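Undergrad: Would you mind keeping the following structure in view while I ask a few things?
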There are 2 protein chains.
Amino acid sequence: MAEKKLSLHLDFHSGLPIYTQIVNQIQNQLANGTLMPGDQLPTVRALAQELRVNFNTVARAYRILDEARIISTQQGRGTYITEILLPYVAEKLRDESLAALTKRYVDEAIRLGFSEREISQMVRDNLKSAKEAKDK
Amino acid sequence: MAEKKLSLHLDFHSGLPIYTQIVNQIQNQLANGTLMPGDQLPTVRALAQELRVNFNTVARAYRILDEARIISTQQGRGTYITEILLPYVAEKLRDESLAALTKRYVDEAIRLGFSEREISQMVRDNLKSAKEAKDK
DNA sequence: ATACAATGATACAATTAGTACAATTAAAGG
DNA sequence: CCTTTAATTGTACTAATTGTATCATTGTAT
């Protein structure tokens with residue numbers, strides 16, 4: 001069975017617990033199609049070794065996703081993305097992941113004292129640059 | 001993980017509270033580059049032992065620095081110098097910080113597969129929510 | 001003496017790691 | 001084939017590490 005590579009990047013100083021970061025990133029990859037229903041995830045031990053964390057930390061993330069019915073963990077067999085991931089669930093996940101990302105950004109920018117105007121202008125500029133870089 | 005040594009020198013007869021001395025000296029080391037963003041500080045217990053004070057005194061100093069957003073203390077994980085700490089920086093650096101923050105956000109959102117339209121819409125929504133939360 | 005600030009003691013909570021175990025699968029032996 | 005055995009995988013429970021919260025003690029100024 002095709003076992004996905006799952007390149008996750010952890011930030012050990014971000015304030016977010018490791019297991020939360022794993023949960024979020026798997027949700028993101030599911031939201032943007034990097035992961036598909038039926039895909040097998042790395043084993044808890046394999047992913048733990050790759051991320052240099054204890055395998056129980058990965059197991060905790062998997063358990064959270066399992067309880068949310070996003071993945072299915074099966075003792076002795078492995079861990080898989082749930083087959084029947086209804087389209088609206090996928091869409092919801094996708095929306096939530098952008099919403100969460102954006103909220104972190106906006107809150108941080110506001111906390112740093114930037115105005116609504118400054119923020120939206122800077123976002124516009126960056127989107128424009130990103131688009132030009134892509135078109136080139 | 002690189003855990004800084006943090007040679008602090010306390011003066012128990014100076015009249016300045018211990019926790020204040022700890023706060024000041026960490027700020028100094030940050031100002032002169034001895035400490036850098038991302039660095040892990042000693043645990044409250046480790047630093048307390050080194051300084052021969054109660055760990056709650058160190059915790060108090062850390063809490064003050066945390067509230068000032070200079071460090072980030074995380075229960076169960078440790079204490080780190082904040083990656084982006086900038087209510088304090090000069091106005092010139094202020095723009096650069098928003099630009100950097102925004103670039104990270106936009107790049108990440110694009111990497112996750114969201115469209116320019118979705119991103120700007122989500123930013124608008126979040127700015128609106130943030131404003132309403134503030135006005136309330 | 002009283003009030004208050006600083007420090008210490010103790011118990012707690014969150015995160016991650018360690019160890020032993022159970023379920024499943026696959027391989028080996030007959 | 002069928003049974004046994006080993007390997008792989010997730011689970012459960014416990015321990016270790018770290019910061020937090022609350023209250024007691026100490027010292028000093030008034």
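Residues are referred to by chain and number: the chain letter is A, B, ... according to the order shown in the structure tokens, the number counts from 1 in that chain, and ligands are numbered separately from 1 in the order shown.
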List every residue of segment 2-85 of chain B that DSSP, applied to the backbone of this structure, places in strand (DSSP E or B), and write the result as a list in words.
TA: Glu3, Gln40, Leu41, Ile71, Ser72, Thr73, Gln74, Gly78, Thr79, Tyr80 and Ile81 of chain B
Undergrad: Residues at most 12 Å from segment 6-20 of chain C, counting only C-alpha atoms (C1' of nucleotides), excluding those fewer than 4 positions away in the same chain, as a VMD selection string?
TA: (chain A and resid 15 to 20 48 52 to 60) or (chain B and resid 12 15 to 20 48 52 to 60 74 to 78) or (chain D and resid 11 to 28)
Undergrad: Quick check, in Å to one decimal: how far apart do atom C1' of DA6 of chain D and atom CA of Val44 of chain A lie?
TA: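 Spanning atom C1' of DA6 of chain D to atom CA of Val44 of chain A is a straight-line distance of 20.4 Å.
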Undergrad: Report as a list in words all protein, DNA and RNA residues lying within 7 Å of Leu112 of chain B, evaluated on only C-alpha atoms (C1' of nucleotides), omitting residues in the same chain fewer than 4 positions from it.
TA: Asn28 and Asn32 of chain A; Glu108 of chain B
Undergrad: From a DSSP calculation on the backbone, collect every residue of segment 17-122 of chain A in alpha helix (DSSP H) and output the set as a VMD selection string.
TA: chain A and resid 18 to 31 44 to 51 55 to 67 87 to 111 116 to 122
Undergrad: Do me a favour and pick out the residues of chain D within 10 Å of chain A, using only C-alpha atoms (C1' of nucleotides), as a list of chain:residue names.
TA: D:DT8, D:DT9, D:DG10, D:DT11
Undergrad: Quick one: distance from atom CA of Leu127 of chain A to atom CA of Arg111 of chain A in Å, one decimal?
TA: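 Distance between the two atoms: 22.0 Å.
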Undergrad: Could you please tell me, as a PyMOL selection string, which residues of chain B have an atom within 9 Å of chain A when using only C-alpha atoms?
TA: chain B and resi 38-40+72-74+77-83+85-87+94+98-99+101-103+105-110+112-114+116+118-120+122-124+126-128+130-131
